[in-house]
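J.: I am attaching a structure below and will ask some questions about it afterwards.
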2 protein chains.
Amino acid sequence: MSKSLETLNGIVQLDHGSGGRATQELVQKFFFQLLDNEYLLQRNDSALLPWAGGSMAMTTDSYVVDPIIFPGGDIGSLAVHGTVNDLAMQGARPLYLTAGFILEEGLSLEVLGHVVRSMAGAAREAQVMIVAGDTKVVPRGKADRLFINTAGVGVVPPGIQVGGQYARPGDSVLINGTIGDHGMAVLCKREGLAFDREILSDSAPLNDLVMRILDGCPRVRVLRDPTRGGVATALNEIARQSGVDIVVLEESLPIEADVAGACEVLGLDPLYVANEGKVLVFVPPEDEELVLNLMRNHPRARKGVKIGEVTQEGAGRVTLKTGIGGHRVIQMLHGEQLPRIC
Amino acid sequence: MSKSLETLNGIVQLDHGSGGRATQELVQKFFFQLLDNEYLLQRNDSALLPWAGGSMAMTTDSYVVDPIIFPGGDIGSLAVHGTVNDLAMQGARPLYLTAGFILEEGLSLEVLGHVVRSMAGAAREAQVMIVAGDTKVVPRGKADRLFINTAGVGVVPPGIQVGGQYARPGDSVLINGTIGDHGMAVLCKREGLAFDREILSDSAPLNDLVMRILDGCPRVRVLRDPTRGGVATALNEIARQSGVDIVVLEESLPIEADVAGACEVLGLDPLYVANEGKVLVFVPPEDEELVLNLMRNHPRARKGVKIGEVTQEGAGRVTLKTGIGGHRVIQMLHGEQLPRIC
């Protein structure tokens, strides 16, 4: 069992930022209960809000990744991708982002320039605009170089209904490619671990891919990007929100050999490692082939595969079916597997 | 002259967070140039965006105030008021906010609870909802207890046209009360300075006041909240955006005796000290009395007064006319007068 808030001596611990169970407990107790409103309590990647007779999605994330620059990306591109993707997961077309910078005195302006240029490039690629910003500076030692918050809004087209609460028994669970790349890229860079090839983050905008999937198959039930806490935690969240059980086929999980190797060396389970360019797609079984084809025709989903299915209504249990026919319950992430991964 | 970016040894300095000239140079070079788009370049408190056939305002601010809790407010209420006010300054009706928390390992959960409850109360009072959030945790020593980012969106009613670029010669410059309270409240608390009475921050939501002013006088030209950099910096920004000169009457400036005393002791000019519940209102001279009456009938503007006027088209010069008939040019804040005031 994870430590409850009461046993934590009344202070914030690194666990609370894991994206797993401790985060959920903290968020439940401090944010959902105190800031209680129907939109916040939707518990999806972004809030779905009424606006001018239509629907708007809105979301925010702060980025504290260490190191700031890592193989395959940096805190700037990550801050754009993360928020664009959270909007896309609601079926929204992302339009406008804000960016709030907290700079530590002494940060290199060259690094800042690199990061902001990277944000600009990521925004162009995702076809969003950064329309408002803010800059704060704190004295040396009061922050760690550079933190970025992005918030974003997007238009939700009429007729779209996706969310973690819509998984149904029989649904196929698809993913657009390999898992664990982002977390291992950041960790290996931070810890100075070298493997045969450098592991690259998968950080990427998913809005174009999602739009094509939804255009081709409006019956998609759930879209979720398995970031902090990884695929295991995302599936647990969905299983609970929908009141269903999910089975994942271990041998179908796409994992790069280098990522698998690094995870083994470090004793990490790739199911819990963060991704920043992946999306879990739940579709009715009759749409599975259609959606897999849509995915494989898109550059962000060439390796799209089915990794599992929703078996039945239930208490929200996620099970891994291993190659030799065994079963293992996959729980939500306990504790902090990888701090400051995003 | 302020130090240029080139002379800063290529690193971020505290000056860059002042809200004054160094901030503007940094923002110009790194954000406006690299993230260039028509909305970002509006340079108002929030961006005015097309949405669903109407207009939306969107803004963000990160809050790093030290101490977290100060007389008259805390980082939570401040984070709501600041973003609500930035939306109101665009004539928008604030609707939805997001909140991103960066927590330092070891932060007291009691303090966190206090802050979030305070946010909830501030949101209720301002009639906005916090609809999405995010929590990150960084190890001890990598942040300073608690930083909060809020972003917000609001609906701009048809026919509203306010902005820093609309000041015209002849306009009266009004303010809704005393200046310098927030900055001095935070500074005195942080430095342990005791005066006869405790100075209270003026942190407050201004959206209801602004709505009543605009309802009663749609011809208002400029609304701006003089936060970091104070009244002097805000007036300089407006003067430049509109290409006009502004004269401020020193004896009309409302300053609490305690604030004036504290400023004198500390060698600070209250014109440069941050406010978090004040709005500068530019109106055509024929509407001055109307708007002053609207203000004085509202609890957030009982002490509303005229403090100056727009004299002519010009290069953006702001002049203080002293009691004995002298004139002094008031420039934008140079350097960092008060770090971490918001």
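Ligands are numbered from 1 in the order shown, chains are lettered A, B, ... in the order of the structure tokens, and residues start at 1 in each chain.
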Please provide as number ranges by chain all residues within 12 Å of stretch 115-117 of chain A, with the sequence filter that same-chain residues fewer than 4 positions apart are discarded (counting only C-alpha atoms).

T.: A: 68-70, 73-80, 99-101, 107-111, 121-124, 130, 133, 145-148; B: 26-27, 29-36

J.: In terms of the shortest atom-to-atom distance over only C-alpha atoms, which of A:Ile11, A:Leu187, A:Val84, A:Leu338 is closest to A:Ala262?

T.: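 Checking each candidate against A:Ala262, we get A:Leu187 as the closest.
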
J.: According to DSSP computed on the backbone, where in stretch 74-252 of chain B is there strand (DSSP E or B)? Give the residues as a ChimeraX atom specification.

T.: /B:74,93-104,108,129-138,146-156,172-175,222-224,244-249

J.: One number please: atom CA of B:Gly91 to atom CA of A:Ala57, in Å, one decimal.

T.: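 Atom CA of A:Ala57 lies 22.3 Å from atom CA of B:Gly91.
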
J.: Give me the residues within 7 Å of B:Gly141 as a PyMOL selection string, counting only C-alpha atoms and dropping any in the same chain fewer than 2 places off.

T.: (chain A and resi 141-142) or (chain B and resi 139+143-144)

J.: Let's have the selection written as a PDB file, in the first residue's frame, with N, CA and C atoms.

T.:
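Heads up, here's the output in out38.pdb:
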ATOM      1  N   GLY A 141      19.670  29.611  -6.264  1.00  0.00           N
ATOM      2  CA  GLY A 141      19.384  28.625  -5.218  1.00  0.00           C
ATOM      3  C   GLY A 141      17.910  28.535  -4.854  1.00  0.00           C
ATOM      4  N   LYS A 142      17.069  29.399  -5.451  1.00  0.00           N
ATOM      5  CA  LYS A 142      15.639  29.374  -5.126  1.00  0.00           C
ATOM      6  C   LYS A 142      14.820  28.697  -6.222  1.00  0.00           C
TER       7      LYS A 142
ATOM      8  N   PRO B 139      13.074  18.271  -5.706  1.00  0.00           N
ATOM      9  CA  PRO B 139      13.793  17.986  -4.457  1.00  0.00           C
ATOM     10  C   PRO B 139      14.099  19.259  -3.659  1.00  0.00           C
ATOM     11  N   ALA B 143      13.633  24.497  -5.435  1.00  0.00           N
ATOM     12  CA  ALA B 143      12.621  25.547  -5.578  1.00  0.00           C
ATOM     13  C   ALA B 143      12.519  26.179  -4.195  1.00  0.00           C
ATOM     14  N   ASP B 144      11.671  27.199  -4.038  1.00  0.00           N
ATOM     15  CA  ASP B 144      11.525  27.820  -2.723  1.00  0.00           C
ATOM     16  C   ASP B 144      10.102  27.617  -2.235  1.00  0.00           C
TER      17      ASP B 144
END

J.: Which residues are near B:Gly335? Cut-off 12 Å, only C-alpha atoms, ignore same chain within fewer than 2 positions. Put them as an MDAnalysis selection string.

T.: chainID B and resid 1:4 13:25 228:229 233 272 331:333 337:339

J.: Under the rule that only C-alpha atoms are counted, which of A:Leu87, A:Met119, A:Ala92, A:Met211 is the nearest residue to chain B?

T.: A:Met119

J.: Can you list, as a PyMOL selection string, all residues belonging to stretch 78-300 of chain B that DSSP tags as helix (DSSP H, G or I)?

T.: chain B and resi 78-88+109-126+164-166+181-191+207-216+230-242+250-252+257-266+270-272+285-296

J.: From the set B:Gln161, B:Thr150, B:Thr178, B:Ser203, which residue has the shortest atom-to-atom contact distance to B:His81, counting only C-alpha atoms?

T.: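 Closest candidate: B:Ser203.
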
J.: What lies within 12 Å of A:Arg43 using only C-alpha atoms, ignoring chain neighbours under 4 positions off, as an MDAnalysis selection string?

T.: (chainID A and resid 24 27:28 31:32 36:39 47:48 59 86 90 163:165 224 234 237:238 240:242) or (chainID B and resid 131:134)

J.: Kindly give the distance, in Å, that separates atom CA of B:Asn236 and atom CA of A:Arg140, rounded to a single decimal.

T.: 29.8 Å

J.: Counting only C-alpha atoms, figure out which residue out of B:Met89, B:Leu235, B:Ala126, B:Cys342 gets nearest to chain A.

T.: B:Cys342

J.: Could you work out how far atom CA of B:Gly243 lies from atom CA of B:Ala88, giving the answer in Å with one decimal?

T.: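 Interatomic distance here is 23.3 Å.
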